[in-house]
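J.: Take this structure, written in structure tokens, and hold onto it; I'll ask about it next.
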Amino acid sequence: MSRLLPFIGFMLLVGLFGFGIWWNTQHDPNAIPTPLLNKPAPAFNLPKLYEPAQTVSKADLLGKPYLLNVFASWCIECGVEHPVLTAEGPTLGVQLVGYNYKDAPDDAKGWLAKHGNPYDLLIADEPGHTAIDFGVYGAPESFLIDARGVIRYKHIGPLTPEVVAKELKPAIAAMLKEAP
Amino acid sequence: MGPFLRMLFVALLAVAGAAHAQAIEPMPFANHAQELRFQHLTRQLRCPMCQNETLADSNAPIARDLRNQIFRMMQQGKSDEQIKQYLVARYSDFVLYDPPLSARTWLLWFGPLLILLGGAGVVLVAIRRRNRAGSAAITEVPAGDRPIDNGDDW
């Protein structure tokens with residue numbers, strides 16, 4: 001028995017490290033859990049990207065759920081996410097609101113002209129102050145906000161077909177079931 | 001240290017200083033005490049983007065934005081505690097280099113101590129078992145097999 005002890009210890013370590021590797025394939029170790037989940041989204045009042053004279057506030061968007069997608073033309077992973085948004089956006093059943101983050105408006109417009117515009121509405125946060133209230137620290141990030149203005153789901157990093165199918169769509173379904 | 005080495009050292013120090021200064025753009029602090037307070041505070045906070053850097057050291061755009069926000073809040077007379085709460089409300093405990101003691105973090109705080117105690121327990125048991133085995137072995141050796149000490153020095 002005591003001869004087996006080192007082997008048992010070794011197998012325990014193998015199990016621990018194996019679990020660590022598995023865990024990291026299932027989770028993004030750099031993703032910060034948002035304290036805003038299931039809390040009211042912060043108030044905002046931001047200009048539209050194409051009509052900067054008009055602003056959109058949180059109150060304007062109440063009544064209809066939407067997916068707030070933080071993106072920027074300088075963000076490489078947003079280019080990875082973009083085809084997924086284009087393909088899946090119309091099937092989600094919620095409005096797609098683009099949140100242009102710390103971007104020169106002309107760069108953003110050029111990027112959208114080049115890759116296509118999947119958004120129903122586009123707002124711009126060039127200084128990035130409001131983004132701090134949302135706990136944004138990079139792009140892309142996506143917030144699912146319900147009709148009452150509560151954040152129901154957040155994803156950090158690009159939305160992949162897998163994330164859309166396994167996380168976003170179930171979150172939308174749960175939200176619509178509760179308050180259609 | 002030769003003159004060449006000394007010059008090299010000074011040059012390296014200057015480069016390191018410049019790299020550090022780049023991360024922190026000049027801010028119109030009210031006084032030196034406020035500047036020290038700002039530096040002390042930003043050193044206790046983690047950049048959410050580049051997670052092994054403090055807000056003080058990081059060059060990431062979000063770190064710059066958060067430094068500016070902290071500076072603004074200081075000008076508004078907010079305390080360090082209020083500023084930390086503001087950041088934790090948005091970026092969770094993650095931004096604190098020292099996470100607060102709570103039900104979720106007690107393992108983080110006391111885990112190393114538990115492992116140390118566990119290790120001490122294992123060592124203690126091993127020593128005790130070895131002592132018992134050792135004393136048992138001595139009593140069990142038959143008289144004829146015992147090494148004979150004939151007093152010879154070797």
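Chain labels run A, B, ... following the order of the structure tokens; each chain numbers its residues from 1, and ligands are numbered from 1 in the order shown.
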When you look at Pro65 (chain A) with a cut-off of 10 Å (counting only C-alpha atoms), what residues show up, excluding the ones that are within fewer than 3 positions of it in the same chain? I need them as a PyMOL selection string.
T.: chain A and resi 61-62+68+93-96+144-152+172+175-176+179-180
J.: Can you write out the residues you just picked, keeping N, CA and C atoms, as a compact mmCIF listing (two decimals), in the first residue's frame?
T.:
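Okay, this is what ended up in result15.txt:
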# COMPACT_ATOMS: atom_id res chain seq x y z
N LEU A 61 -34.72 52.82 -25.74
CA LEU A 61 -34.67 51.43 -26.19
C LEU A 61 -35.50 50.50 -25.31
N LEU A 62 -36.10 51.04 -24.24
CA LEU A 62 -36.93 50.20 -23.38
C LEU A 62 -38.15 49.70 -24.14
N LEU A 68 -26.76 44.31 -27.53
CA LEU A 68 -25.83 45.43 -27.67
C LEU A 68 -24.45 44.84 -27.96
N GLY A 93 -34.14 37.16 -33.29
CA GLY A 93 -35.44 37.58 -32.76
C GLY A 93 -35.35 38.77 -31.83
N VAL A 94 -34.18 39.42 -31.77
CA VAL A 94 -34.05 40.67 -31.01
C VAL A 94 -33.35 41.70 -31.90
N GLN A 95 -33.51 42.96 -31.54
CA GLN A 95 -32.82 44.02 -32.28
C GLN A 95 -31.32 43.89 -32.09
N LEU A 96 -30.58 44.23 -33.12
CA LEU A 96 -29.13 44.22 -33.01
C LEU A 96 -28.66 45.68 -32.97
N LEU A 144 -26.93 41.13 -23.77
CA LEU A 144 -28.34 40.92 -24.09
C LEU A 144 -29.15 41.68 -23.05
N ILE A 145 -29.93 42.65 -23.52
CA ILE A 145 -30.70 43.52 -22.62
C ILE A 145 -32.18 43.33 -22.89
N ASP A 146 -32.94 43.07 -21.84
CA ASP A 146 -34.37 42.76 -22.05
C ASP A 146 -35.21 44.03 -22.14
N ALA A 147 -36.51 43.82 -22.32
CA ALA A 147 -37.41 44.96 -22.57
C ALA A 147 -37.45 45.92 -21.39
N ARG A 148 -37.11 45.42 -20.19
CA ARG A 148 -37.12 46.31 -19.02
C ARG A 148 -35.75 46.95 -18.79
N GLY A 149 -34.82 46.68 -19.67
CA GLY A 149 -33.51 47.31 -19.56
C GLY A 149 -32.55 46.57 -18.65
N VAL A 150 -32.83 45.28 -18.38
CA VAL A 150 -31.96 44.49 -17.50
C VAL A 150 -31.00 43.66 -18.36
N ILE A 151 -29.73 43.61 -17.94
CA ILE A 151 -28.74 42.82 -18.67
C ILE A 151 -28.95 41.34 -18.34
N ARG A 152 -29.26 40.54 -19.35
CA ARG A 152 -29.59 39.14 -19.12
C ARG A 152 -28.43 38.20 -19.42
N ILE A 172 -31.75 34.09 -25.00
CA ILE A 172 -32.85 34.85 -25.62
C ILE A 172 -34.18 34.12 -25.40
N MET A 175 -35.40 34.51 -21.93
CA MET A 175 -35.87 35.88 -21.71
C MET A 175 -37.26 36.09 -22.31
N LEU A 176 -37.46 35.59 -23.55
CA LEU A 176 -38.72 35.80 -24.24
C LEU A 176 -39.85 34.99 -23.59
N ALA A 179 -40.90 37.08 -20.40
CA ALA A 179 -41.61 38.32 -20.71
C ALA A 179 -41.65 38.52 -22.21
N PRO A 180 -42.66 37.95 -22.88
CA PRO A 180 -42.69 38.01 -24.34
C PRO A 180 -42.97 39.41 -24.89
J.: Any chance you could tabulate, as a Markdown table, the residues of chain A at most 10 Å from chain B with each one's nearest atom pair and distance in Å to one decimal, using only C-alpha atoms, in chain and rising number order?
T.:
| residue | atom | partner | partner_atom | distance |
| --- | --- | --- | --- | --- |
| A:Asn30 | CA | B:Gln51 | CA | 7.6 |
| A:Ala31 | CA | B:Pro48 | CA | 9.0 |
| A:Ile32 | CA | B:Phe94 | CA | 6.9 |
| A:Pro33 | CA | B:Ser92 | CA | 6.9 |
| A:Thr34 | CA | B:Tyr91 | CA | 6.2 |
| A:Pro35 | CA | B:Ser92 | CA | 5.5 |
| A:Leu36 | CA | B:Arg90 | CA | 6.9 |
| A:Pro42 | CA | B:Arg90 | CA | 9.8 |
| A:Lys102 | CA | B:Pro61 | CA | 9.1 |
| A:Pro127 | CA | B:Asp65 | CA | 8.6 |
| A:Gly128 | CA | B:Asp65 | CA | 7.5 |
| A:His129 | CA | B:Asp65 | CA | 7.6 |
| A:Ala131 | CA | B:Ile62 | CA | 9.6 |
| A:Ile132 | CA | B:Arg90 | CA | 7.1 |
| A:Asp133 | CA | B:Arg90 | CA | 6.2 |
| A:Phe134 | CA | B:Arg90 | CA | 6.5 |
| A:Gly135 | CA | B:Arg90 | CA | 4.6 |
| A:Val136 | CA | B:Tyr91 | CA | 8.1 |
| A:Tyr137 | CA | B:Ile62 | CA | 5.8 |
| A:Gly138 | CA | B:Met49 | CA | 6.7 |
J.: Keeping N, CA and C atoms, export the residues of the selection given above as an mmCIF file, in the first residue's frame.
T.:
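New file out.cif:
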data_model
loop_
_atom_site.group_PDB
_atom_site.id
_atom_site.type_symbol
_atom_site.label_atom_id
_atom_site.label_comp_id
_atom_site.auth_asym_id
_atom_site.auth_seq_id
_atom_site.Cartn_x
_atom_site.Cartn_y
_atom_site.Cartn_z
ATOM 1 N N ASN A 30 -9.466 34.524 -19.280
ATOM 2 C CA ASN A 30 -9.292 35.969 -19.157
ATOM 3 C C ASN A 30 -10.611 36.723 -19.027
ATOM 4 N N ALA A 31 -11.724 36.015 -19.193
ATOM 5 C CA ALA A 31 -13.014 36.686 -19.129
ATOM 6 C C ALA A 31 -13.322 37.073 -17.687
ATOM 7 N N ILE A 32 -13.675 38.322 -17.493
ATOM 8 C CA ILE A 32 -14.001 38.808 -16.159
ATOM 9 C C ILE A 32 -15.504 38.694 -15.962
ATOM 10 N N PRO A 33 -15.957 38.019 -14.917
ATOM 11 C CA PRO A 33 -17.397 37.915 -14.706
ATOM 12 C C PRO A 33 -17.976 39.291 -14.452
ATOM 13 N N THR A 34 -19.034 39.628 -15.165
ATOM 14 C CA THR A 34 -19.558 40.973 -14.996
ATOM 15 C C THR A 34 -20.462 41.044 -13.777
ATOM 16 N N PRO A 35 -20.255 42.035 -12.919
ATOM 17 C CA PRO A 35 -21.142 42.194 -11.769
ATOM 18 C C PRO A 35 -22.499 42.743 -12.197
ATOM 19 N N LEU A 36 -22.622 43.118 -13.494
ATOM 20 C CA LEU A 36 -23.858 43.770 -13.950
ATOM 21 C C LEU A 36 -24.926 42.777 -14.378
ATOM 22 N N PRO A 42 -26.594 50.196 -17.269
ATOM 23 C CA PRO A 42 -26.357 51.593 -16.895
ATOM 24 C C PRO A 42 -27.045 52.546 -17.873
ATOM 25 N N LYS A 102 -14.724 53.624 -29.002
ATOM 26 C CA LYS A 102 -13.424 54.290 -29.152
ATOM 27 C C LYS A 102 -12.904 54.224 -30.592
ATOM 28 N N PRO A 127 -15.307 58.691 -26.989
ATOM 29 C CA PRO A 127 -14.407 58.849 -25.835
ATOM 30 C C PRO A 127 -14.329 57.610 -24.946
ATOM 31 N N GLY A 128 -15.344 56.741 -24.980
ATOM 32 C CA GLY A 128 -15.298 55.509 -24.196
ATOM 33 C C GLY A 128 -15.687 55.666 -22.743
ATOM 34 N N HIS A 129 -16.303 56.811 -22.358
ATOM 35 C CA HIS A 129 -16.691 56.994 -20.949
ATOM 36 C C HIS A 129 -17.848 56.073 -20.565
ATOM 37 N N ALA A 131 -18.696 53.352 -21.886
ATOM 38 C CA ALA A 131 -18.280 51.942 -21.907
ATOM 39 C C ALA A 131 -17.765 51.506 -20.542
ATOM 40 N N ILE A 132 -17.163 52.429 -19.796
ATOM 41 C CA ILE A 132 -16.675 52.086 -18.451
ATOM 42 C C ILE A 132 -17.851 51.685 -17.568
ATOM 43 N N ASP A 133 -18.997 52.395 -17.725
ATOM 44 C CA ASP A 133 -20.180 52.050 -16.928
ATOM 45 C C ASP A 133 -20.679 50.650 -17.249
ATOM 46 N N PHE A 134 -20.452 50.211 -18.496
ATOM 47 C CA PHE A 134 -20.852 48.864 -18.894
ATOM 48 C C PHE A 134 -19.781 47.830 -18.528
ATOM 49 N N GLY A 135 -18.671 48.280 -17.964
ATOM 50 C CA GLY A 135 -17.598 47.344 -17.640
ATOM 51 C C GLY A 135 -16.903 46.800 -18.876
ATOM 52 N N VAL A 136 -16.961 47.546 -19.965
ATOM 53 C CA VAL A 136 -16.305 47.105 -21.201
ATOM 54 C C VAL A 136 -14.809 47.304 -21.052
ATOM 55 N N TYR A 137 -14.018 46.317 -21.435
ATOM 56 C CA TYR A 137 -12.566 46.536 -21.403
ATOM 57 C C TYR A 137 -11.898 46.138 -22.709
ATOM 58 N N GLY A 138 -12.678 45.686 -23.643
ATOM 59 C CA GLY A 138 -12.111 45.357 -24.937
ATOM 60 C C GLY A 138 -13.255 45.148 -25.882
#
J.: Based on the backbone DSSP call, show me all residues of region 44-180 of chain A assigned helix (DSSP H, G or I), as a ChimeraX atom specification.
T.: /A:58-61,76-91,105-115,129-133,161-178
J.: Could you check how far CA of Lys169 (chain A) sits from CA of Leu122 (chain A), in Å to one decimal?
T.: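 Answer for the CA of Lys169 (chain A) to CA of Leu122 (chain A) separation: 21.8 Å.
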J.: Hey, what does DSSP flag as strand (DSSP E or B) within region 52-176 of chain A? Can you give it to me as a count of residues only?
T.: 33
J.: Could you pull the residues within 9 Å of Ala56 (chain B), counting only C-alpha atoms, minus those fewer than 5 positions along the same chain, as a ChimeraX atom specification?
T.: /B:23-24,38-47,63-64,67
J.: Could you save those same residues with C-alpha atoms as a compact mmCIF listing (two decimals), in the first residue's frame?
T.:
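Just written: again_16.txt:
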# COMPACT_ATOMS: atom_id res chain seq x y z
CA ALA B 23 2.65 54.60 -19.50
CA ILE B 24 1.73 57.51 -17.27
CA PHE B 38 -2.89 58.47 -7.44
CA GLN B 39 0.21 56.37 -8.01
CA HIS B 40 -0.38 54.35 -4.87
CA LEU B 41 -4.01 53.70 -5.82
CA THR B 42 -3.39 52.77 -9.46
CA ARG B 43 -0.71 50.33 -8.35
CA GLN B 44 -3.29 48.37 -6.31
CA LEU B 45 -5.63 48.01 -9.29
CA ARG B 46 -5.39 45.51 -12.10
CA CYS B 47 -5.84 46.40 -15.75
CA ALA B 63 -6.05 51.39 -18.60
CA ARG B 64 -5.53 54.95 -19.85
CA ARG B 67 -6.58 56.25 -15.05
J.: Hey, could you make a per-residue contact list for region 15-130 of chain A against region 161-168 of chain A with 12 Å as the cut-off, showing the nearest pair of atoms and its distance in Å to one decimal, counting only C-alpha atoms, sorted by chain and number, as CSV?
T.:
residue,atom,partner,partner_atom,distance
A:Gln26,CA,A:Val163,CA,11.2
A:His27,CA,A:Val163,CA,11.5
A:Tyr66,CA,A:Leu168,CA,11.8
A:Leu67,CA,A:Leu168,CA,9.6
A:Val80,CA,A:Pro161,CA,11.1
A:Glu81,CA,A:Pro161,CA,9.2
A:His82,CA,A:Pro161,CA,11.2
A:Pro83,CA,A:Pro161,CA,9.8
A:Val84,CA,A:Pro161,CA,6.4
A:Leu85,CA,A:Pro161,CA,9.1
A:Thr86,CA,A:Pro161,CA,11.2
A:Ala87,CA,A:Pro161,CA,9.3
A:Glu88,CA,A:Val164,CA,7.9
A:Gly89,CA,A:Val164,CA,9.8
A:Thr91,CA,A:Val164,CA,10.5
A:Leu92,CA,A:Leu168,CA,8.6
A:Gly93,CA,A:Leu168,CA,11.2
A:Val94,CA,A:Leu168,CA,11.1
J.: Keeping only C-alpha atoms, write the selected residues as a CSV table (one decimal), in the first residue's frame.
T.:
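The result, stored in part32.csv:
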chain,number,residue,atom,x,y,z
A,26,GLN,CA,-14.5,25.2,-21.7
A,27,HIS,CA,-13.9,28.7,-20.2
A,66,TYR,CA,-31.9,44.0,-27.9
A,67,LEU,CA,-28.4,42.7,-28.3
A,80,VAL,CA,-13.9,37.4,-37.0
A,81,GLU,CA,-17.2,38.0,-35.3
A,82,HIS,CA,-18.7,40.0,-38.1
A,83,PRO,CA,-19.8,37.2,-40.5
A,84,VAL,CA,-21.4,35.4,-37.6
A,85,LEU,CA,-23.4,38.5,-36.7
A,86,THR,CA,-24.4,39.0,-40.3
A,87,ALA,CA,-25.5,35.4,-40.6
A,88,GLU,CA,-27.2,34.9,-37.2
A,89,GLY,CA,-28.4,38.5,-36.5
A,91,THR,CA,-32.5,34.8,-36.7
A,92,LEU,CA,-32.0,36.0,-33.2
A,93,GLY,CA,-35.4,37.6,-32.8
A,94,VAL,CA,-34.1,40.7,-31.0
J.: What's the 10 Å shell around region 48-54 of chain A, counting only C-alpha atoms, without same-chain residues fewer than 4 positions away, as a list of chain:residue names?
T.: A:Gly98, A:Tyr99, A:Asn100, A:Pro105, A:Asp106, A:Ala108, A:Lys109, A:Leu121, A:Leu122, A:Ile123, A:Ala124, A:Asp125, A:Glu126
J.: Can you pull out every residue within 9 Å of Ala43 (chain A), counting only C-alpha atoms, but drop anything in the same chain fewer than 6 positions away, and send it as a list in words?
T.: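 Skipping anything fewer than 6 positions along the chain leaves Ser57, Lys58, Ala59, Thr130 and Asp133 of chain A.
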J.: For those residues, write C-alpha atoms to a file as an mmCIF file, in the first residue's frame.
T.:
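Final output, again10.cif:
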data_model
loop_
_atom_site.group_PDB
_atom_site.id
_atom_site.type_symbol
_atom_site.label_atom_id
_atom_site.label_comp_id
_atom_site.auth_asym_id
_atom_site.auth_seq_id
_atom_site.Cartn_x
_atom_site.Cartn_y
_atom_site.Cartn_z
ATOM 1 C CA SER A 57 -30.708 56.833 -24.541
ATOM 2 C CA LYS A 58 -31.408 53.738 -22.527
ATOM 3 C CA ALA A 59 -35.009 54.928 -22.077
ATOM 4 C CA THR A 130 -20.057 55.214 -21.135
ATOM 5 C CA ASP A 133 -20.180 52.050 -16.928
#
